[in-house]
Structures are given as C-alpha cells and as structure tokens.
$ cat protein.txt   # compact mmCIF, C-alpha atoms
# COMPACT_ATOMS: atom_id res chain seq x y z
CA MET A 1 0.00 0.00 0.00
CA LYS A 2 1.03 3.61 -0.43
CA VAL A 3 1.19 4.84 3.12
CA PRO A 4 2.05 8.51 3.59
CA LYS A 5 5.31 8.91 5.48
CA ILE A 6 4.92 9.43 9.19
CA SER A 7 7.80 10.95 11.07
CA GLY A 8 8.84 9.36 14.35
CA ARG A 9 6.16 8.62 16.87
CA GLY A 10 4.07 11.76 16.36
CA ILE A 11 1.05 9.64 15.54
CA VAL A 12 0.86 8.23 19.04
CA ALA A 13 2.93 10.65 21.09
CA SER A 14 -0.14 12.79 21.73
CA VAL A 15 -2.22 9.81 22.83
CA VAL A 16 -2.21 9.58 26.63
CA ALA A 17 -4.41 8.10 29.33
CA SER A 18 -7.80 9.78 29.71
CA VAL A 19 -8.98 9.96 33.29
CA SER A 20 -11.99 11.58 34.92
CA PHE A 21 -12.92 11.17 38.58
CA ALA A 22 -15.62 12.90 40.60
CA ALA A 23 -13.77 12.41 43.90
CA ALA A 24 -10.29 11.68 45.16
CA ALA A 25 -9.12 8.15 44.37
CA GLN A 26 -6.14 5.87 44.83
CA ALA A 27 -4.37 4.31 41.88
CA THR A 28 -1.94 1.50 41.19
CA THR A 29 0.76 2.16 38.62
CA LEU A 30 0.74 -0.60 36.04
CA GLU A 31 3.27 -1.36 33.34
CA ILE A 32 1.92 -2.79 30.07
CA THR A 33 4.45 -4.62 27.92
CA ILE A 34 3.60 -5.70 24.38
CA THR A 35 5.78 -8.20 22.50
CA ASN A 36 5.16 -9.14 18.88
CA THR A 37 5.92 -12.87 18.88
CA ALA A 38 6.11 -13.22 15.10
CA GLN A 39 9.32 -14.02 13.25
CA ILE A 40 10.70 -11.72 10.55
CA GLY A 41 8.38 -12.14 7.58
CA GLY A 42 5.31 -12.45 9.79
CA PHE A 43 2.63 -9.97 10.83
CA ALA A 44 3.18 -6.64 12.53
CA ILE A 45 0.61 -4.95 14.78
CA THR A 46 -0.28 -1.32 15.34
CA PRO A 47 0.06 0.51 18.69
CA VAL A 48 -2.20 -1.22 21.21
CA TYR A 49 -5.18 0.63 22.68
CA SER A 50 -5.28 -0.47 26.32
CA ALA A 51 -8.36 0.35 28.41
CA PHE A 52 -9.10 -0.25 32.10
CA HIS A 53 -12.79 -0.04 32.93
CA ASP A 54 -15.70 -1.15 35.12
CA GLY A 55 -16.86 -3.91 32.77
CA ASN A 56 -19.24 -1.80 30.72
CA PHE A 57 -16.84 -1.08 27.86
CA ASP A 58 -17.90 -3.83 25.47
CA ALA A 59 -15.88 -2.66 22.45
CA PHE A 60 -17.42 -5.11 19.99
CA ASP A 61 -19.57 -8.22 19.70
CA ALA A 62 -19.04 -11.06 17.27
CA GLY A 63 -22.09 -11.26 15.01
CA SER A 64 -22.83 -7.52 15.26
CA ALA A 65 -21.70 -4.60 13.14
CA ALA A 66 -18.48 -2.92 14.23
CA SER A 67 -18.68 0.54 15.80
CA ALA A 68 -17.08 3.50 14.02
CA GLY A 69 -14.17 3.37 16.47
CA VAL A 70 -13.53 -0.33 15.91
CA GLU A 71 -13.85 0.14 12.15
CA LEU A 72 -11.22 2.87 12.23
CA ILE A 73 -8.67 0.88 14.20
CA ALA A 74 -9.37 -2.30 12.20
CA GLU A 75 -8.83 -0.57 8.85
CA THR A 76 -6.13 2.00 9.61
CA GLY A 77 -4.69 1.24 13.05
CA SER A 78 -5.87 4.55 14.50
CA PRO A 79 -7.53 4.34 17.95
CA GLY A 80 -8.91 7.87 17.58
CA GLY A 81 -12.57 6.87 17.69
CA LEU A 82 -12.37 4.59 20.75
CA PRO A 83 -12.09 7.08 23.66
CA ALA A 84 -15.52 8.62 23.07
CA GLU A 85 -17.12 5.18 22.78
CA ARG A 86 -15.42 4.02 25.97
CA LEU A 87 -16.24 7.09 28.04
CA ALA A 88 -19.87 7.01 26.92
CA VAL A 89 -20.39 3.70 28.77
CA SER A 90 -17.63 3.83 31.39
CA PRO A 91 -17.02 7.50 32.22
CA ASP A 92 -14.46 6.85 34.97
CA SER A 93 -12.38 4.47 32.88
CA VAL A 94 -8.79 5.14 31.82
CA ALA A 95 -6.81 4.19 28.74
CA THR A 96 -3.46 4.56 27.06
CA VAL A 97 -1.89 3.58 23.76
CA VAL A 98 1.21 1.39 23.92
CA ALA A 99 3.23 2.91 21.10
CA ALA A 100 5.72 1.30 18.77
CA PRO A 101 9.33 1.37 20.03
CA GLY A 102 12.13 3.52 18.70
CA SER A 103 11.88 5.91 15.78
CA GLY A 104 11.20 3.51 12.91
CA PRO A 105 7.86 2.51 11.36
CA PRO A 106 4.76 3.24 13.49
CA THR A 107 4.09 -0.46 14.03
CA ILE A 108 5.20 -3.05 16.56
CA ASP A 109 7.16 -5.31 14.27
CA PRO A 110 8.07 -9.01 14.54
CA GLY A 111 10.26 -9.56 17.59
CA GLU A 112 9.81 -6.04 18.97
CA THR A 113 8.83 -5.21 22.55
CA THR A 114 7.41 -1.94 23.84
CA THR A 115 6.12 -0.67 27.18
CA ALA A 116 3.84 1.98 28.68
CA THR A 117 2.68 2.79 32.22
CA ILE A 118 -0.66 4.00 33.50
CA ASP A 119 -2.27 4.74 36.89
CA VAL A 120 -5.40 2.66 37.48
CA ASP A 121 -7.89 2.77 40.34
CA GLY A 122 -8.71 -0.93 40.64
CA SER A 123 -11.74 -0.30 42.83
CA ILE A 124 -13.61 1.17 39.88
CA ASN A 125 -11.64 -0.07 36.85
CA ARG A 126 -11.15 -3.74 37.43
CA TYR A 127 -11.19 -4.99 33.83
CA PHE A 128 -8.82 -4.76 30.85
CA THR A 129 -9.63 -4.47 27.14
CA PHE A 130 -7.15 -4.23 24.27
CA LEU A 131 -7.49 -3.45 20.56
CA SER A 132 -4.95 -3.27 17.73
CA MET A 133 -4.81 -3.80 13.97
CA LEU A 134 -3.09 -6.78 12.40
CA VAL A 135 -0.94 -5.54 9.53
CA PRO A 136 -1.06 -5.86 6.69
CA SER A 137 -4.77 -6.47 6.35
CA ASN A 138 -7.97 -4.85 5.15
CA ASP A 139 -9.87 -4.87 8.45
CA THR A 140 -8.43 -7.49 10.79
CA PHE A 141 -7.88 -6.58 14.42
CA LEU A 142 -6.98 -8.22 17.72
CA GLY A 143 -8.98 -7.74 20.88
CA ASN A 144 -11.18 -9.33 23.54
CA ASP A 145 -14.85 -9.72 22.70
CA ASP A 146 -15.78 -10.29 26.38
CA PRO A 147 -15.26 -7.09 28.42
CA LEU A 148 -15.02 -9.20 31.60
CA ALA A 149 -12.40 -11.59 30.22
CA TYR A 150 -9.45 -10.00 32.03
CA SER A 151 -10.06 -9.04 35.66
CA LEU A 152 -6.88 -7.53 37.12
CA PHE A 153 -8.04 -6.45 40.60
CA ASP A 154 -9.85 -8.13 43.49
CA ASP A 155 -13.08 -6.99 45.14
CA PHE A 156 -11.15 -4.47 47.25
CA GLY A 157 -9.28 -2.88 44.35
CA ASN A 158 -6.01 -4.68 45.01
CA PHE A 159 -3.96 -5.72 42.00
CA SER A 160 -4.16 -9.50 41.62
CA GLY A 161 -0.61 -9.95 40.40
CA GLU A 162 1.27 -10.06 37.13
CA ARG A 163 -0.89 -11.13 34.19
CA VAL A 164 0.40 -12.50 30.89
CA ILE A 165 -2.05 -12.66 28.00
CA ASP A 166 -1.08 -14.84 25.05
CA VAL A 167 -2.74 -13.21 22.06
CA THR A 168 -3.33 -16.03 19.61
CA ALA A 169 -5.24 -16.11 16.35
CA SER A 170 -8.33 -17.01 18.40
CA LEU A 171 -8.32 -13.34 19.45
CA LEU A 172 -8.14 -12.06 15.87
CA TRP A 173 -11.30 -10.66 14.32
CA ASP A 174 -12.49 -9.52 10.91
CA ALA A 175 -14.41 -6.27 11.40
CA GLY A 176 -16.69 -7.09 8.46
CA THR A 177 -16.32 -3.54 7.16
CA GLU A 178 -14.02 -4.06 4.17
CA VAL A 179 -13.63 -6.92 1.69
CA ASN A 180 -10.43 -8.89 2.27
CA ASP A 181 -8.26 -8.46 -0.81
CA PRO A 182 -4.47 -7.99 -0.91
CA LEU A 183 -4.96 -5.91 -4.07
CA GLY A 184 -8.04 -4.09 -2.82
CA GLY A 185 -6.81 -1.34 -0.53
CA PRO A 186 -5.31 -3.16 2.47
CA ALA A 187 -3.30 -0.98 4.84
CA PHE A 188 0.50 -1.36 4.89
CA VAL A 189 0.79 -3.11 1.52
CA ALA A 190 3.13 -1.65 -1.08
CA MET A 191 1.44 0.07 -4.04
CA GLN A 192 -1.95 -0.02 -2.31
CA ASP A 193 -4.01 2.93 -1.06
CA ALA A 194 -5.89 2.13 2.15
CA ALA A 195 -8.72 4.40 1.01
CA ASP A 196 -9.47 2.13 -1.96
CA GLY A 197 -10.99 -0.77 -0.02
CA VAL A 198 -14.42 -2.10 -0.99
CA ALA A 199 -17.13 -1.85 1.66
CA GLU A 200 -18.30 -5.22 3.00
CA ASN A 201 -21.23 -4.07 5.17
CA GLY A 202 -20.93 -7.21 7.27
CA VAL A 203 -20.52 -8.05 10.94
CA VAL A 204 -17.56 -8.80 13.20
CA HIS A 205 -16.52 -12.44 12.88
CA GLY A 206 -13.61 -14.75 13.52
CA VAL A 207 -10.48 -14.37 11.45
CA GLU A 208 -10.24 -16.01 8.04
CA SER A 209 -7.28 -17.41 6.11
CA PHE A 210 -4.58 -14.97 5.04
CA ALA A 211 -3.19 -17.33 2.39
CA ALA A 212 -3.82 -14.72 -0.32
CA PHE A 213 -1.45 -12.33 1.45
CA ALA A 214 1.56 -14.65 1.13
CA GLY A 215 4.30 -12.93 -0.88
CA VAL A 216 2.76 -9.48 -0.46
CA GLU A 217 5.28 -6.66 -0.11
CA THR A 218 5.05 -4.55 3.03
CA PRO A 219 7.23 -1.70 4.37
CA LEU A 220 9.06 -4.39 6.37
CA GLY A 221 9.58 -6.79 3.46
CA ILE A 222 7.81 -9.75 1.93
CA LEU A 223 5.22 -11.71 3.92
CA ASP A 224 6.30 -15.32 4.38
CA GLY A 225 3.39 -17.64 3.66
CA ASN A 226 4.65 -20.16 6.22
CA LEU A 227 4.58 -17.51 8.95
CA ILE A 228 1.05 -16.23 8.33
CA ASP A 229 -0.76 -19.56 8.08
CA PHE A 230 -3.15 -19.93 11.02
CA GLY A 231 -3.69 -23.63 10.41
CA ASN A 232 -6.65 -25.47 11.91
CA ASP A 233 -5.97 -24.60 15.56
CA LEU A 234 -6.11 -20.84 16.02
CA SER A 235 -5.04 -21.14 19.65
CA GLN A 236 -1.62 -22.40 18.54
CA PHE A 237 -0.82 -19.39 16.33
CA SER A 238 0.81 -16.76 18.53
CA VAL A 239 0.50 -13.10 17.53
CA ALA A 240 1.72 -11.26 20.62
CA THR A 241 1.95 -11.33 24.39
CA ILE A 242 0.63 -8.66 26.73
CA THR A 243 2.18 -8.54 30.20
CA ILE A 244 0.65 -6.34 32.91
CA ARG A 245 2.42 -5.87 36.22
CA GLU A 246 2.56 -3.41 39.09
CA VAL A 247 5.65 -1.19 39.06
CA SER A 248 5.07 0.98 42.13
CA GLY A 249 2.85 1.31 45.16
CA VAL A 250 -0.44 3.11 45.36
CA VAL A 251 -0.23 6.75 44.29
CA PRO A 252 -2.82 9.50 44.82
CA LEU A 253 -4.87 10.80 41.94
CA PRO A 254 -6.29 14.34 41.84
CA ALA A 255 -9.90 14.88 42.79
CA ALA A 256 -10.69 15.58 39.17
CA GLY A 257 -8.64 15.42 36.06
CA LEU A 258 -8.81 14.85 32.37
CA PHE A 259 -5.85 13.98 30.22
CA GLY A 260 -7.33 14.20 26.73
CA LEU A 261 -6.70 11.73 24.02
CA SER A 262 -6.51 14.30 21.25
CA GLY A 263 -4.60 15.37 18.20
CA LEU A 264 -4.35 11.82 16.93
CA LEU A 265 -3.83 11.36 13.22
CA GLY A 266 -4.87 7.97 11.87
CA LEU A 267 -2.22 5.64 10.52
CA GLY A 268 -2.08 6.12 6.78
CA GLY A 269 -3.01 9.79 7.08
CA LEU A 270 -6.67 9.34 8.02
CA SER A 271 -8.17 11.54 10.74
CA VAL A 272 -11.89 10.86 10.51
CA LEU A 273 -13.97 8.14 12.08
CA ARG A 274 -15.54 7.01 8.86
CA ARG A 275 -14.22 7.16 5.34
CA ARG A 276 -15.73 6.61 1.91
CA LYS A 277 -14.83 3.39 0.15
CA LYS A 278 -15.67 2.10 -3.30
CA GLY A 279 -19.16 0.68 -3.48
CA SER A 280 -20.51 2.56 -0.44
CA GLN A 281 -21.13 6.08 0.74
CA SER A 282 -19.81 5.19 4.18
CA ALA A 283 -17.48 2.50 5.50
$ encode --input "protein.txt" --output "structure tokens"
Amino acid sequence: MKVPKISGRGIVASVVASVSFAAAAQATTLEITITNTAQIGGFAITPVYSAFHDGNFDAFDAGSAASAGVELIAETGSPGGLPAERLAVSPDSVATVVAAPGSGPPTIDPGETTTATIDVDGSINRYFTFLSMLVPSNDTFLGNDDPLAYSLFDDFGNFSGERVIDVTASLLWDAGTEVNDPLGGPAFVAMQDAADGVAENGVVHGVESFAAFAGVETPLGILDGNLIDFGNDLSQFSVATITIREVSGVVPLPAAGLFGLSGLLGLGGLSVLRRRKKGSQSA
C-alpha cells in the first residue's frame, strides 16, 4: 500500500491516558508490555489501545456490526474513535496507547517489545480491554470480545498480580467492514491505497485465512506464507503477548482530572472516524 510517510512517533505521542474522577481516588501504577511474537516475515501490529474499565466497555460483539471506532482501528490502526465510545459507557475508565518502540515505522514489528505505564484505580476499573490492527490487512484486528475476560483487581481494588495474556489467532477478528483483498486497498501493503478498499457491510466475525497475502510486499519486506498460516488450531498461532504488572505502590490521583486523548492522526493519514470506500457512501 502507499502509506504517507509518518515521522517518528508523532502519531501516538499525543495519545495519553484519559482519566476523569468525581472524587479523590487511589491508583496503582501498572506497566503494560507488548511483544510481537512473530518471526521476521510475519505480521506486525499497530500501537495497542489499552483500556481499564468497570466492565461496561464492550468494544465489539461477534455477530454484530463494528462501531465506528472499531472500524477505524481495524482498517487503519488509528484508535482515535475509541475514547468517546469508551467514556460514553464507562465515564471513569482510563486508557493509554502502547506505542511502537524507537523511531522507525509506526508499528510493533516481529520480535519487537514496547512498554507503557498508567495509573489505574482498581476499585472502579477492574477490567482490561485491548485493541490493535493486524498488519497488513484490510480490516483485521486483535482484541477481547468479552469485556469481563481480564479481571486484574480483586473486590477491594487490590492488583491481583502479574498477568500475561497470550494473544493467539483465536483473538483475531475480521471487522466485516471491508472486503479482504491484498490488491483491494489493504493498509500497509506496497502500491496499495488504504482508502481504496471495498465496503463489505458485514458483521464482526472470527479471522479467516490470510493465504492470499503470502508474498505481499510490506514496508518491512515480503510476507512469508509459512509464517502467516493460522492452520486449523487458532489457539496455537501466537501473535503477541501482553504482560501487565505493578511497578510501584499506590499513588494518589487528583480529585478531578482529564488527560485528553486528542490530536491523533490515523495511521495512513486518516483523521476521521468514517471514510468513503468504493461501493458505499460510508465505510
């Protein structure tokens, strides 16, 4: 695909945790570490949107149409539409984006590890949700369908201990918003424009074979067909690991505060929640 050049980490540098509390609270500082477990020639992933909430942030449901925010991250890697959707149902929740490491491409590439920290009040934000785009693809993303799948704190708001999440292909989803076609506008494919995808108008469903993407040229090189084959057991195909651990004691949070998730430009130069694709007036 033809992806406009993005300098450094500007695309995610302005994305920080958004927090809003009505009264004073106590928080635990957590470190989130993302490791892309693929080998060179395998998939990359985009910066990981990491949300801590009360259980009401159900980002998506298999069998239902994707929200505008999920569509945007699934097609371009930009999490810009997710904060509003999260805060609408879980107003005291917090989130951060775990950015790509270094100053290279704005993706977490095979073998790379990156880390971010965030203060979380476990008494009100017990659960963890993550979302990221699998690249290259048309609209494939990784995330947890069940908002209660990852409980990190006990009933008293105490951190339950280090948690390692093995993100396998069983946690990959097709957003159902764009037809899967390596020559039809997938993001991060050489000579392809991500705005040229054909609207699918479907629903979120489990990942499908990526066999057609074997040999496709990406900014990182050629995709190795042997490294992108999910096989028959999706739980055996590792995409990434997410490790969450406490890095300091409880720290006070202000009585009220808002660190805005703003100024985000979508990966591939998109900055709107919905974009026009061939065959449809809206994605």
$ atom_distance --input "protein.txt" --atom1 "atom CA of Ala175 of chain A" --atom2 "atom CA of Ile40 of chain A"
25.7 Å
$ residues_around --input "protein.txt" --residues "Ser67 of chain A" --least-positions-apart "3" --cutoff "12 Å" --atoms "all atoms listed in the file" --output "NGL selection string"
:A and (58-62 or 64 or 70-74 or 79 or 81-82 or 84-86 or 175-177 or 201-204 or 273-274 or 283)
$ write_last_selection --input "protein.txt" --atoms "C-alpha atoms" --output "compact mmCIF listing (two decimals), in the frame of the given file"
# COMPACT_ATOMS: atom_id res chain seq x y z
CA ASP A 58 -17.90 -3.83 25.47
CA ALA A 59 -15.88 -2.66 22.45
CA PHE A 60 -17.42 -5.11 19.99
CA ASP A 61 -19.57 -8.22 19.70
CA ALA A 62 -19.04 -11.06 17.27
CA SER A 64 -22.83 -7.52 15.26
CA VAL A 70 -13.53 -0.33 15.91
CA GLU A 71 -13.85 0.14 12.15
CA LEU A 72 -11.22 2.87 12.23
CA ILE A 73 -8.67 0.88 14.20
CA ALA A 74 -9.37 -2.30 12.20
CA PRO A 79 -7.53 4.34 17.95
CA GLY A 81 -12.57 6.87 17.69
CA LEU A 82 -12.37 4.59 20.75
CA ALA A 84 -15.52 8.62 23.07
CA GLU A 85 -17.12 5.18 22.78
CA ARG A 86 -15.42 4.02 25.97
CA ALA A 175 -14.41 -6.27 11.40
CA GLY A 176 -16.69 -7.09 8.46
CA THR A 177 -16.32 -3.54 7.16
CA ASN A 201 -21.23 -4.07 5.17
CA GLY A 202 -20.93 -7.21 7.27
CA VAL A 203 -20.52 -8.05 10.94
CA VAL A 204 -17.56 -8.80 13.20
CA LEU A 273 -13.97 8.14 12.08
CA ARG A 274 -15.54 7.01 8.86
CA ALA A 283 -17.48 2.50 5.50
$ residues_near_point --input "protein.txt" --point "(-9.3, 2.4, 35.3)" --cutoff "6 Å" --atoms "all atoms listed in the file" --output "PyMOL selection string"
chain A and resi 52-53+93-94+120-121+125
$ atom_distance --input "protein.txt" --atom1 "atom CA of Asn56 of chain A" --atom2 "atom CA of Thr168 of chain A"
24.1 Å
$ residues_around --input "protein.txt" --residues "Leu30 of chain A" --least-positions-apart "4" --cutoff "7 Å" --atoms "all atoms listed in the file" --output "ChimeraX atom specification"
/A:117-119,244-247
$ closest_residue --input "protein.txt" --among "A:Gly143, A:Pro186, A:Gly111, A:Pro83" --to "Leu172 of chain A" --atoms "all atoms listed in the file"
A:Gly143
$ atom_distance --input "protein.txt" --atom1 "atom CA of Thr241 of chain A" --atom2 "atom CA of Asn36 of chain A"
6.7 Å
$ closest_residue --input "protein.txt" --among "A:Phe43, A:Phe159, A:Phe57, A:Phe237" --to "Thr29 of chain A" --atoms "all atoms listed in the file"
A:Phe159
$ residues_around --input "protein.txt" --residues "Pro182 of chain A" --least-positions-apart "4" --cutoff "9 Å" --atoms "all atoms listed in the file" --output "JSON, numbers by chain"
{"A": [136, 137, 138, 186, 189, 192, 212, 213, 216]}
$ closest_residue --input "protein.txt" --among "A:Ala66, A:Val198, A:Leu234, A:Ile242" --to "Val48 of chain A" --atoms "only C-alpha atoms"
A:Ile242
$ residues_around --input "protein.txt" --residues "Phe128 of chain A" --least-positions-apart "2" --cutoff "9 Å" --atoms "all atoms listed in the file" --output "list in words"
Ser50, Ala51, Phe52, His53, Asp54, Gly55, Asn125, Arg126, Phe130, Asn144, Pro147, Leu148, Ala149, Tyr150, Ser151 and Leu152 of chain A
$ build_atoms --input "protein.txt" --residues "segment 137-163 of chain A" --atoms "N, CA and C atoms" --output "compact mmCIF listing (two decimals), in the coordinates of the input"
# COMPACT_ATOMS: atom_id res chain seq x y z
N SER A 137 -3.45 -5.87 6.53
CA SER A 137 -4.77 -6.47 6.35
C SER A 137 -5.73 -5.40 5.88
N ASN A 138 -6.94 -5.82 5.51
CA ASN A 138 -7.97 -4.85 5.15
C ASN A 138 -8.71 -4.35 6.38
N ASP A 139 -9.10 -5.27 7.27
CA ASP A 139 -9.87 -4.87 8.45
C ASP A 139 -9.80 -5.92 9.54
N THR A 140 -8.61 -6.47 9.75
CA THR A 140 -8.43 -7.49 10.79
C THR A 140 -7.82 -6.85 12.03
N PHE A 141 -8.38 -7.15 13.18
CA PHE A 141 -7.88 -6.58 14.42
C PHE A 141 -7.81 -7.64 15.51
N LEU A 142 -7.05 -7.34 16.57
CA LEU A 142 -6.98 -8.22 17.72
C LEU A 142 -7.63 -7.53 18.91
N GLY A 143 -8.31 -8.31 19.72
CA GLY A 143 -8.98 -7.74 20.88
C GLY A 143 -9.82 -8.77 21.59
N ASN A 144 -10.32 -8.42 22.78
CA ASN A 144 -11.18 -9.33 23.54
C ASN A 144 -12.64 -8.95 23.39
N ASP A 145 -13.42 -9.91 22.91
CA ASP A 145 -14.85 -9.72 22.70
C ASP A 145 -15.58 -9.58 24.04
N ASP A 146 -15.14 -10.32 25.05
CA ASP A 146 -15.78 -10.29 26.38
C ASP A 146 -15.12 -9.21 27.23
N PRO A 147 -15.86 -8.17 27.62
CA PRO A 147 -15.26 -7.09 28.42
C PRO A 147 -14.84 -7.53 29.82
N LEU A 148 -15.34 -8.69 30.26
CA LEU A 148 -15.02 -9.20 31.60
C LEU A 148 -13.95 -10.28 31.56
N ALA A 149 -13.34 -10.48 30.39
CA ALA A 149 -12.40 -11.59 30.22
C ALA A 149 -11.16 -11.45 31.10
N TYR A 150 -10.70 -10.20 31.32
CA TYR A 150 -9.45 -10.00 32.03
C TYR A 150 -9.68 -9.10 33.24
N SER A 151 -9.89 -9.74 34.39
CA SER A 151 -10.06 -9.04 35.66
C SER A 151 -8.69 -8.96 36.33
N LEU A 152 -8.23 -7.73 36.61
CA LEU A 152 -6.88 -7.53 37.12
C LEU A 152 -6.84 -7.18 38.61
N PHE A 153 -7.99 -6.88 39.20
CA PHE A 153 -8.04 -6.45 40.60
C PHE A 153 -9.08 -7.29 41.36
N ASP A 154 -8.88 -7.39 42.68
CA ASP A 154 -9.85 -8.13 43.49
C ASP A 154 -11.01 -7.22 43.91
N ASP A 155 -11.88 -7.75 44.75
CA ASP A 155 -13.08 -6.99 45.14
C ASP A 155 -12.75 -5.72 45.92
N PHE A 156 -11.54 -5.64 46.45
CA PHE A 156 -11.15 -4.47 47.25
C PHE A 156 -10.27 -3.50 46.47
N GLY A 157 -10.09 -3.77 45.18
CA GLY A 157 -9.28 -2.88 44.35
C GLY A 157 -7.81 -3.16 44.40
N ASN A 158 -7.42 -4.32 44.95
CA ASN A 158 -6.01 -4.68 45.01
C ASN A 158 -5.59 -5.42 43.74
N PHE A 159 -4.44 -5.07 43.21
CA PHE A 159 -3.96 -5.72 42.00
C PHE A 159 -3.72 -7.20 42.28
N SER A 160 -4.19 -8.05 41.39
CA SER A 160 -4.16 -9.50 41.62
C SER A 160 -2.83 -10.15 41.28
N GLY A 161 -1.91 -9.40 40.75
CA GLY A 161 -0.61 -9.95 40.40
C GLY A 161 -0.36 -9.93 38.91
N GLU A 162 0.88 -10.14 38.54
CA GLU A 162 1.27 -10.06 37.13
C GLU A 162 0.39 -10.96 36.26
N ARG A 163 -0.02 -10.40 35.13
CA ARG A 163 -0.89 -11.13 34.19
C ARG A 163 -0.23 -11.16 32.82
